[in-house]
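Pasting run_11.cif here (mmCIF, C-alpha atoms):
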data_final
loop_
_atom_site.label_atom_id
_atom_site.label_comp_id
_atom_site.auth_asym_id
_atom_site.auth_seq_id
_atom_site.Cartn_x
_atom_site.Cartn_y
_atom_site.Cartn_z
CA MET A 71 14.50 -29.48 5.13
CA ARG A 72 14.29 -29.68 1.35
CA ILE A 73 17.32 -28.64 -0.68
CA TRP A 74 16.51 -27.27 -4.14
CA SER A 75 18.71 -28.79 -6.88
CA VAL A 76 19.93 -26.93 -9.94
CA LYS A 77 17.18 -28.52 -12.03
CA SER A 78 14.35 -27.91 -9.55
CA HIS A 79 12.42 -24.71 -8.97
CA PRO A 80 11.36 -23.09 -5.69
CA PRO A 81 7.66 -22.52 -5.09
CA LYS A 82 6.35 -19.49 -6.95
CA ASP A 83 5.27 -16.50 -4.87
CA THR A 84 1.50 -16.05 -5.16
CA ALA A 85 1.18 -13.12 -2.73
CA ARG A 86 0.72 -10.58 -5.49
CA PRO A 87 -2.01 -12.23 -7.63
CA VAL A 88 -3.89 -13.60 -4.61
CA GLY A 89 -3.59 -10.28 -2.76
CA ILE A 90 -4.88 -8.32 -5.76
CA ALA A 91 -7.82 -10.71 -6.12
CA LEU A 92 -8.67 -10.36 -2.42
CA GLY A 93 -8.36 -6.57 -2.62
CA VAL A 94 -10.76 -6.46 -5.57
CA ALA A 95 -13.19 -8.58 -3.56
CA LEU A 96 -12.89 -6.24 -0.58
CA ASP A 97 -13.63 -3.24 -2.78
CA ALA A 98 -16.66 -5.01 -4.24
CA VAL A 99 -18.03 -5.87 -0.79
CA ILE A 100 -17.34 -2.73 1.25
CA GLY A 101 -16.24 -0.02 -1.18
CA ASP A 102 -14.71 3.10 0.29
CA PRO A 103 -15.17 3.85 4.01
CA ARG A 104 -16.97 7.07 4.88
CA ALA A 105 -14.24 8.16 7.28
CA ALA A 106 -10.50 7.66 7.72
CA HIS A 107 -9.91 6.43 4.18
CA PRO A 108 -6.17 5.88 3.60
CA VAL A 109 -6.24 8.09 0.50
CA ALA A 110 -7.89 10.89 2.49
CA LEU A 111 -5.21 10.55 5.17
CA PHE A 112 -2.55 10.82 2.46
CA GLY A 113 -4.29 13.91 1.10
CA ARG A 114 -4.23 15.63 4.46
CA ALA A 115 -0.54 14.88 4.88
CA ALA A 116 0.16 16.21 1.38
CA THR A 117 -1.74 19.40 2.20
CA ARG A 118 0.33 19.97 5.32
CA LEU A 119 3.52 19.45 3.35
CA GLU A 120 2.26 21.84 0.69
CA ARG A 121 1.95 24.60 3.29
CA ALA A 122 5.63 24.17 4.12
CA LEU A 123 6.90 23.90 0.54
CA TYR A 124 4.56 26.05 -1.52
CA GLY A 125 6.02 28.56 -3.89
CA ASP A 126 4.77 29.77 -7.25
CA ALA A 127 7.46 27.84 -9.11
CA ARG A 128 7.89 24.43 -10.71
CA PRO A 129 10.87 23.35 -8.56
CA ASN A 130 8.77 23.68 -5.41
CA GLY A 131 6.12 21.44 -6.93
CA VAL A 132 8.72 18.91 -8.04
CA VAL A 133 10.03 18.62 -4.47
CA HIS A 134 6.50 18.31 -3.11
CA VAL A 135 5.59 15.51 -5.52
CA ALA A 136 8.90 13.71 -5.01
CA LEU A 137 8.47 13.66 -1.23
CA CYS A 138 4.81 12.61 -1.27
CA ALA A 139 5.09 9.96 -3.98
CA GLY A 140 8.44 8.81 -2.65
CA ALA A 141 7.03 8.24 0.83
CA ALA A 142 4.13 6.20 -0.56
CA THR A 143 6.48 4.15 -2.72
CA GLY A 144 8.77 3.55 0.24
CA LEU A 145 5.90 2.15 2.29
CA GLY A 146 5.11 -0.17 -0.58
CA VAL A 147 8.70 -1.38 -0.78
CA LEU A 148 8.66 -2.19 2.94
CA ALA A 149 5.42 -4.15 2.48
CA GLU A 150 6.94 -6.14 -0.39
CA ARG A 151 9.89 -7.10 1.80
CA VAL A 152 7.79 -8.77 4.48
CA ALA A 153 9.04 -12.33 4.59
CA ASN A 154 5.86 -14.09 5.67
CA PRO A 155 3.85 -14.85 2.49
CA VAL A 156 0.50 -14.76 4.30
CA ALA A 157 1.27 -11.33 5.75
CA ARG A 158 2.51 -10.11 2.37
CA THR A 159 -0.68 -11.34 0.73
CA ALA A 160 -2.76 -9.51 3.34
CA LEU A 161 -0.78 -6.30 2.84
CA THR A 162 -1.25 -6.55 -0.92
CA ALA A 163 -4.98 -7.08 -0.43
CA VAL A 164 -5.32 -4.06 1.85
CA ALA A 165 -3.26 -1.87 -0.48
CA THR A 166 -5.34 -2.96 -3.48
CA TRP A 167 -8.57 -2.23 -1.63
CA ALA A 168 -7.25 1.15 -0.49
CA VAL A 169 -6.35 2.38 -3.98
CA LEU A 170 -9.33 0.98 -5.91
CA GLY A 171 -12.44 3.05 -6.39
CA GLY A 172 -14.50 0.96 -8.80
CA THR A 173 -17.35 0.15 -6.45
CA THR A 174 -17.74 3.73 -5.25
CA LEU A 175 -17.48 5.00 -8.84
CA ALA A 176 -20.35 2.79 -9.98
CA ARG A 177 -22.40 3.74 -6.92
CA GLU A 178 -21.96 7.45 -7.65
CA GLY A 179 -23.02 6.88 -11.24
CA ALA A 180 -26.07 4.92 -10.12
CA TYR A 181 -26.98 7.66 -7.62
CA LEU A 182 -26.88 10.30 -10.35
CA ALA A 183 -28.85 8.06 -12.67
CA ALA A 184 -31.58 7.72 -10.05
CA ALA A 185 -31.64 11.48 -9.39
CA LEU A 186 -31.97 12.25 -13.09
CA GLU A 187 -34.65 9.59 -13.57
CA ASP A 188 -36.59 11.26 -10.73
CA ASP A 189 -36.16 14.69 -12.41
CA ASP A 190 -34.46 15.84 -9.21
CA LEU A 191 -31.95 18.34 -10.61
CA THR A 192 -31.18 19.77 -7.18
CA ARG A 193 -30.01 16.39 -5.95
CA ALA A 194 -28.12 15.66 -9.15
CA ARG A 195 -26.35 19.02 -9.15
CA ALA A 196 -25.35 18.58 -5.51
CA ARG A 197 -23.92 15.12 -6.22
CA LEU A 198 -22.05 15.79 -9.47
CA PRO A 199 -18.95 17.27 -7.74
CA HIS A 200 -18.36 13.81 -6.24
CA LEU A 201 -17.40 12.71 -9.76
CA CYS A 202 -15.90 15.72 -11.50
CA GLY A 203 -14.85 19.33 -11.09
CA ARG A 204 -17.43 20.73 -13.49
CA ASP A 205 -19.58 23.61 -12.21
CA PRO A 206 -23.05 22.03 -11.86
CA ALA A 207 -25.04 25.15 -10.93
CA ALA A 208 -26.38 25.91 -14.41
CA LEU A 209 -26.38 22.39 -15.83
CA GLU A 210 -29.63 20.85 -17.03
CA ALA A 211 -30.33 17.12 -17.09
CA PRO A 212 -28.66 16.35 -20.48
CA GLU A 213 -25.45 18.12 -19.48
CA ILE A 214 -25.37 16.39 -16.11
CA ALA A 215 -25.86 13.10 -17.95
CA ARG A 216 -22.96 13.91 -20.29
CA ALA A 217 -20.72 14.95 -17.39
CA THR A 218 -21.55 11.71 -15.58
CA VAL A 219 -20.85 9.48 -18.58
CA GLU A 220 -17.56 11.26 -19.32
CA SER A 221 -16.49 11.05 -15.68
CA LEU A 222 -17.34 7.36 -15.51
CA ALA A 223 -15.23 6.78 -18.61
CA GLU A 224 -12.20 8.70 -17.36
CA ASN A 225 -12.40 7.30 -13.85
CA ALA A 226 -12.72 3.75 -15.11
CA SER A 227 -9.04 4.22 -15.88
CA ASP A 228 -8.01 6.38 -12.92
CA ALA A 229 -9.90 4.47 -10.23
CA VAL A 230 -9.71 0.91 -11.55
CA VAL A 231 -7.57 0.00 -14.55
CA ALA A 232 -4.53 2.14 -13.74
CA PRO A 233 -4.06 1.01 -10.11
CA LEU A 234 -4.63 -2.61 -11.12
CA PHE A 235 -2.11 -2.25 -13.95
CA TRP A 236 0.57 -0.86 -11.65
CA GLY A 237 -0.28 -3.40 -8.96
CA ALA A 238 0.16 -6.29 -11.38
CA VAL A 239 3.43 -4.88 -12.73
CA ALA A 240 5.01 -3.49 -9.55
CA GLY A 241 3.08 -4.86 -6.58
CA VAL A 242 2.38 -2.78 -3.50
CA PRO A 243 4.93 -0.07 -4.46
CA GLY A 244 3.13 0.32 -7.78
CA LEU A 245 -0.28 0.46 -6.14
CA LEU A 246 0.68 3.10 -3.59
CA ALA A 247 2.84 5.16 -5.93
CA TYR A 248 0.10 5.35 -8.54
CA ARG A 249 -2.57 6.37 -6.06
CA ALA A 250 -0.27 9.02 -4.59
CA ILE A 251 0.47 10.46 -8.04
CA ASN A 252 -3.17 10.45 -9.11
CA THR A 253 -4.31 12.01 -5.83
CA LEU A 254 -1.73 14.77 -6.12
CA ASP A 255 -2.90 15.48 -9.67
CA ALA A 256 -6.49 15.82 -8.43
CA MET A 257 -5.36 18.12 -5.63
CA ILE A 258 -2.89 20.43 -7.37
CA GLY A 259 -2.56 19.33 -11.00
CA HIS A 260 -5.26 21.58 -12.44
CA HIS A 261 -5.13 25.00 -14.09
CA SER A 262 -5.48 27.81 -11.56
CA PRO A 263 -3.43 30.86 -10.52
CA ARG A 264 -2.12 29.00 -7.46
CA TYR A 265 -1.23 25.71 -9.13
CA GLU A 266 -0.29 26.62 -12.71
CA ARG A 267 3.40 26.21 -11.88
CA PHE A 268 3.40 24.46 -8.50
CA GLY A 269 1.10 21.71 -9.81
CA TRP A 270 2.97 21.20 -13.10
CA ALA A 271 4.99 18.21 -11.88
CA ALA A 272 1.93 16.46 -10.44
CA ALA A 273 0.00 16.87 -13.69
CA ARG A 274 2.85 15.71 -15.94
CA LEU A 275 3.70 12.71 -13.74
CA ASP A 276 0.04 11.70 -13.73
CA ASP A 277 0.03 11.86 -17.54
CA VAL A 278 2.99 9.50 -17.64
CA ALA A 279 1.53 7.10 -15.06
CA ASN A 280 -1.76 6.90 -16.94
CA TYR A 281 -0.41 6.68 -20.49
CA LEU A 282 -0.54 2.88 -20.82
CA PRO A 283 -3.51 2.27 -18.47
CA ALA A 284 -5.72 4.75 -20.36
CA ARG A 285 -5.07 2.97 -23.64
CA LEU A 286 -5.66 -0.36 -21.95
CA THR A 287 -8.98 1.02 -20.64
CA GLY A 288 -9.96 1.93 -24.18
CA LEU A 289 -9.17 -1.58 -25.42
CA ILE A 290 -11.01 -3.25 -22.54
CA THR A 291 -14.02 -1.05 -23.27
CA VAL A 292 -13.93 -2.22 -26.87
CA LEU A 293 -13.68 -5.82 -25.67
CA VAL A 294 -16.85 -5.60 -23.54
CA ALA A 295 -18.79 -3.26 -25.85
CA PRO A 296 -22.05 -4.49 -27.44
CA ASN A 297 -20.71 -3.29 -30.80
CA ARG A 298 -16.96 -3.85 -30.73
CA ALA A 299 -16.35 -2.64 -34.27
CA GLN A 300 -18.07 0.67 -33.60
CA ALA A 301 -16.28 1.18 -30.27
CA LEU A 302 -12.91 0.48 -31.86
CA ALA A 303 -13.61 2.77 -34.82
CA VAL A 304 -14.51 5.71 -32.57
CA LEU A 305 -11.55 5.02 -30.29
CA ARG A 306 -9.13 5.05 -33.22
CA ARG A 307 -10.69 8.11 -34.86
CA ASP A 308 -11.45 10.33 -31.87
CA GLY A 309 -9.26 9.14 -29.00
CA HIS A 310 -6.59 11.78 -29.68
CA ARG A 311 -9.01 14.71 -29.89
CA HIS A 312 -9.34 15.30 -26.16
CA PRO A 313 -6.98 17.93 -24.65
CA SER A 314 -5.79 15.29 -22.18
CA PRO A 315 -3.34 12.77 -23.67
CA ASN A 316 -5.14 9.99 -21.79
CA ALA A 317 -8.77 10.84 -21.00
CA GLY A 318 -9.74 10.98 -24.66
CA ARG A 319 -8.95 7.31 -25.14
CA CYS A 320 -11.39 6.34 -22.41
CA GLU A 321 -14.13 8.76 -23.41
CA ALA A 322 -13.92 7.92 -27.10
CA ALA A 323 -14.19 4.21 -26.36
CA PHE A 324 -17.23 4.82 -24.13
CA ALA A 325 -18.80 7.05 -26.80
CA GLY A 326 -18.45 4.29 -29.38
CA ALA A 327 -19.52 1.52 -27.02
CA LEU A 328 -22.66 3.41 -25.95
CA ASP A 329 -23.33 4.91 -29.42
CA LEU A 330 -23.26 8.45 -28.01
CA THR A 331 -21.54 11.74 -28.74
CA LEU A 332 -19.41 13.07 -25.89
CA GLY A 333 -17.52 16.33 -25.56
CA GLY A 334 -18.62 19.95 -25.86
CA THR A 335 -18.48 23.02 -23.65
CA ASN A 336 -17.52 22.55 -19.99
CA VAL A 337 -17.29 25.13 -17.20
CA TYR A 338 -14.80 24.67 -14.37
CA GLY A 339 -14.95 27.28 -11.63
CA GLY A 340 -15.79 30.06 -14.06
CA ARG A 341 -13.28 28.86 -16.70
CA THR A 342 -14.89 27.67 -19.93
CA GLU A 343 -13.40 24.95 -22.12
CA HIS A 344 -14.65 24.02 -25.59
CA ARG A 345 -13.74 20.42 -26.33
CA PRO A 346 -14.07 18.52 -29.63
CA THR A 347 -16.84 15.98 -29.84
CA MET A 348 -16.26 12.23 -29.92
CA GLY A 349 -18.64 9.62 -31.29
CA ASP A 350 -21.45 9.54 -33.84
CA GLY A 351 -24.61 8.98 -31.79
CA PRO A 352 -26.92 11.38 -29.95
CA LYS A 353 -25.81 13.33 -26.91
CA PRO A 354 -26.35 11.57 -23.58
CA GLU A 355 -29.73 11.64 -21.93
CA PRO A 356 -30.53 10.61 -18.34
CA ALA A 357 -31.44 7.08 -19.48
CA ASP A 358 -27.92 6.64 -20.85
CA VAL A 359 -26.32 6.99 -17.43
CA ARG A 360 -27.52 3.53 -16.36
CA ARG A 361 -25.95 2.07 -19.49
CA ALA A 362 -22.69 3.83 -18.71
CA VAL A 363 -22.72 2.42 -15.17
CA ARG A 364 -23.17 -1.10 -16.51
CA LEU A 365 -20.32 -0.55 -18.96
CA THR A 366 -18.10 0.77 -16.15
CA ARG A 367 -18.78 -2.34 -14.08
CA ALA A 368 -17.99 -4.60 -17.04
CA VAL A 369 -14.71 -2.76 -17.66
CA SER A 370 -13.81 -2.99 -13.96
CA LEU A 371 -14.53 -6.71 -13.73
CA THR A 372 -12.57 -7.46 -16.89
CA ALA A 373 -9.63 -5.33 -15.75
CA ALA A 374 -9.56 -7.16 -12.43
CA GLY A 375 -9.40 -10.52 -14.16
CA ILE A 376 -6.62 -9.36 -16.47
CA ALA A 377 -4.63 -7.93 -13.56
CA VAL A 378 -4.81 -11.14 -11.55
CA LEU A 379 -3.80 -13.23 -14.55
CA ALA A 380 -0.96 -10.84 -15.40
CA ALA A 381 0.33 -10.85 -11.83
CA TRP A 382 0.14 -14.65 -11.82
CA GLY A 383 2.04 -14.88 -15.06
CA LEU A 384 4.71 -12.40 -13.96
CA ARG A 385 5.38 -14.08 -10.62
CA ARG A 386 8.05 -16.36 -12.14
CA ARG A 387 10.25 -13.34 -12.93
CA ARG A 388 10.39 -12.41 -9.24
#
Kindly transcribe the structure held in the file into structure tokens.
Amino acid sequence: MRIWSVKSHPPKDTARPVGIALGVALDAVIGDPRAAHPVALFGRAATRLERALYGDARPNGVVHVALCAGAATGLGVLAERVANPVARTALTAVATWAVLGGTTLAREGAYLAAALEDDDLTRARARLPHLCGRDPAALEAPEIARATVESLAENASDAVVAPLFWGAVAGVPGLLAYRAINTLDAMIGHHSPRYERFGWAAARLDDVANYLPARLTGLITVLVAPNRAQALAVLRRDGHRHPSPNAGRCEAAFAGALDLTLGGTNVYGGRTEHRPTMGDGPKPEPADVRRAVRLTRAVSLTAAGIAVLAAWGLRRRR
């Protein structure tokens, strides 16, 4: 048995960086399963809890979010306490795979690109709800293209950069807590008569959880953009113009990187929103969706590399 002296150092724990790298590889190879996805299972449990706790008041929503996110975080804490480093690495890999959505995001974008290139609006309209909540019924090809590019930009943060950020910083608890918060926001954090008050806590907590990752997404987009100066200029000028405190940073960076203009009028379930425009180029056309998919993949790959390196560098502190 080796006894560590005062001047020596114990071996550094590599479960987190190696697990994140393996999880990214799993997502790249298999993507999201069609059935029994862990996030879907969480969503069903959250829905059942909502039935028991629902009330048209903020405190009810606070309790709902606290219980759901707290349970996910608790599972992550238990995983981090597993003594065997191989098992802990495997748990980190599975958790990373479960919360990432980069491969599926790019596939959805590519599917919509193909539908638009084939002038198949019926197929494109049917598929758009997989990416965003916009009402596709009356959208023509240019508006579907814009919705796709904007959704790819926003979800590059939500589905890739943000979970990797929290995984690198906080390990499995960070991975699971972030995905729980973001899923709850998608489920109940939107404006509607039912969720205006009950979903308030989910929406605000999601804003907090995404504050740094969204800005990191913007900077990574600038880093991989063909014209970095243009992407940075649009990000700095227009990133704050979006009604969301976070989504605008991602969309503005994509607008500059792709030399497009994003923003405009959106319809969500009969509710119309008029959003400021971002960027200086033309509005997206179907051909631009392929470019946005390639940019999304570049952002995802870069974010994965940064996350692994950050987790590796932070392991000494643990």
Using Å and a single decimal, report how far CA of Leu222 in chain A sits from CA of Ala160 in chain A.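 Between these atoms lies a distance of 29.2 Å.
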Next item on the list: Give the answer as one residue: which of A:Leu182, A:Ala271, A:Ala240, A:Arg114 has the shortest atom-to-atom distance to Pro212 in chain A, using all atoms listed in the file?
Entry: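 Looking only at the distances to Pro212 in chain A, the closest residue turns out to be A:Leu182.
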All residues 12 Å or closer to Val147 in chain A, all atoms listed in the file, same chain fewer than 6 positions away omitted, as number ranges by chain:
A: 140-141, 158, 161-162, 165, 240-247
CA of Pro346 in chain A to CA of Arg298 in chain A measures 22.6 Å
Worksheet item: What does the distance between CA of Arg216 in chain A and CA of Thr331 in chain A come to in Å, to one decimal place?
Response: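 Computed distance, CA of Arg216 in chain A to CA of Thr331 in chain A, equals 8.8 Å.
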Near-Ala208 in chain A list (12 Å; only C-alpha atoms; drop same-chain fewer than 3 positions) as a list in words
Leu191, Thr192, Ala194, Arg195, Ala196, Arg204, Asp205, Ala211, Pro212, Glu213, Ile214, Asn336, Val337, Tyr338, Gly339 and Gly340 of chain A
Picked residues, the PyMOL selection byres ((chain A and resi 317) around 12), as a PyMOL selection string: chain A and resi 220-228+276-277+280-288+305+308-316+318-324+332-333+348
Please write the residues picked by the PyMOL selection byres ((chain A and resi 252) around 10) on this file as a ChimeraX atom specification.
/A:139,228-229,232-233,246-251,253-257,259,272-273,275-277,279-280
Fill in: From A:Thr335, A:Thr159, A:Ser262, A:Ser370, residue lying nearest Ile90 in chain A [all atoms listed in the file]
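Once distances to Ile90 in chain A are computed over all atoms listed in the file, the minimum belongs to A:Thr159.
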Review point. Can you list what the PyMOL selection byres ((chain A and resi 93) around 12) grabs from this structure, as a ChimeraX atom specification?
Key: /A:85-92,94-102,159-173,230,233-234,237,242,245,374,377-378
Once N, CA, C and O atoms are restored for range 147-166 of chain A, what would the output be as a compact mmCIF listing (two decimals), in the coordinates of the input?
# COMPACT_ATOMS: atom_id res chain seq x y z
N VAL A 147 7.49 -0.56 -0.74
CA VAL A 147 8.70 -1.38 -0.78
C VAL A 147 8.85 -2.16 0.53
O VAL A 147 9.19 -3.35 0.53
N LEU A 148 8.59 -1.50 1.65
CA LEU A 148 8.66 -2.19 2.94
C LEU A 148 7.65 -3.33 3.01
O LEU A 148 7.95 -4.42 3.52
N ALA A 149 6.44 -3.09 2.47
CA ALA A 149 5.42 -4.15 2.48
C ALA A 149 5.86 -5.33 1.63
O ALA A 149 5.63 -6.49 1.99
N GLU A 150 6.49 -5.06 0.50
CA GLU A 150 6.94 -6.14 -0.39
C GLU A 150 8.06 -6.97 0.24
O GLU A 150 8.27 -8.12 -0.15
N ARG A 151 8.77 -6.41 1.20
CA ARG A 151 9.89 -7.10 1.80
C ARG A 151 9.50 -7.94 3.01
O ARG A 151 10.36 -8.59 3.62
N VAL A 152 8.24 -7.92 3.38
CA VAL A 152 7.79 -8.77 4.48
C VAL A 152 7.99 -10.22 4.08
O VAL A 152 7.57 -10.67 3.01
N ALA A 153 8.65 -10.96 4.94
CA ALA A 153 9.04 -12.33 4.59
C ALA A 153 7.87 -13.30 4.61
O ALA A 153 7.78 -14.19 3.76
N ASN A 154 6.97 -13.14 5.55
CA ASN A 154 5.86 -14.09 5.67
C ASN A 154 4.91 -13.93 4.48
O ASN A 154 4.33 -12.86 4.28
N PRO A 155 4.69 -14.99 3.68
CA PRO A 155 3.85 -14.85 2.49
C PRO A 155 2.39 -14.54 2.81
O PRO A 155 1.72 -13.85 2.03
N VAL A 156 1.89 -15.05 3.92
CA VAL A 156 0.50 -14.76 4.30
C VAL A 156 0.35 -13.28 4.63
O VAL A 156 -0.60 -12.61 4.20
N ALA A 157 1.31 -12.75 5.40
CA ALA A 157 1.27 -11.33 5.75
C ALA A 157 1.42 -10.46 4.50
O ALA A 157 0.75 -9.43 4.36
N ARG A 158 2.30 -10.89 3.60
CA ARG A 158 2.51 -10.11 2.37
C ARG A 158 1.26 -10.13 1.49
O ARG A 158 0.90 -9.13 0.87
N THR A 159 0.58 -11.26 1.46
CA THR A 159 -0.68 -11.34 0.73
C THR A 159 -1.72 -10.41 1.33
O THR A 159 -2.44 -9.69 0.60
N ALA A 160 -1.80 -10.39 2.66
CA ALA A 160 -2.76 -9.51 3.34
C ALA A 160 -2.44 -8.05 3.08
O ALA A 160 -3.35 -7.24 2.83
N LEU A 161 -1.16 -7.68 3.12
CA LEU A 161 -0.78 -6.30 2.84
C LEU A 161 -1.11 -5.91 1.41
O LEU A 161 -1.57 -4.79 1.14
N THR A 162 -0.90 -6.82 0.47
CA THR A 162 -1.25 -6.55 -0.92
C THR A 162 -2.75 -6.37 -1.07
O THR A 162 -3.22 -5.48 -1.80
N ALA A 163 -3.52 -7.19 -0.37
CA ALA A 163 -4.98 -7.08 -0.43
C ALA A 163 -5.46 -5.74 0.11
O ALA A 163 -6.31 -5.07 -0.50
N VAL A 164 -4.92 -5.33 1.25
CA VAL A 164 -5.32 -4.06 1.85
C VAL A 164 -4.92 -2.89 0.96
O VAL A 164 -5.69 -1.94 0.77
N ALA A 165 -3.71 -2.95 0.40
CA ALA A 165 -3.26 -1.87 -0.48
C ALA A 165 -4.13 -1.79 -1.73
O ALA A 165 -4.50 -0.70 -2.18
N THR A 166 -4.48 -2.94 -2.29
CA THR A 166 -5.34 -2.96 -3.48
C THR A 166 -6.70 -2.36 -3.16
O THR A 166 -7.23 -1.52 -3.92
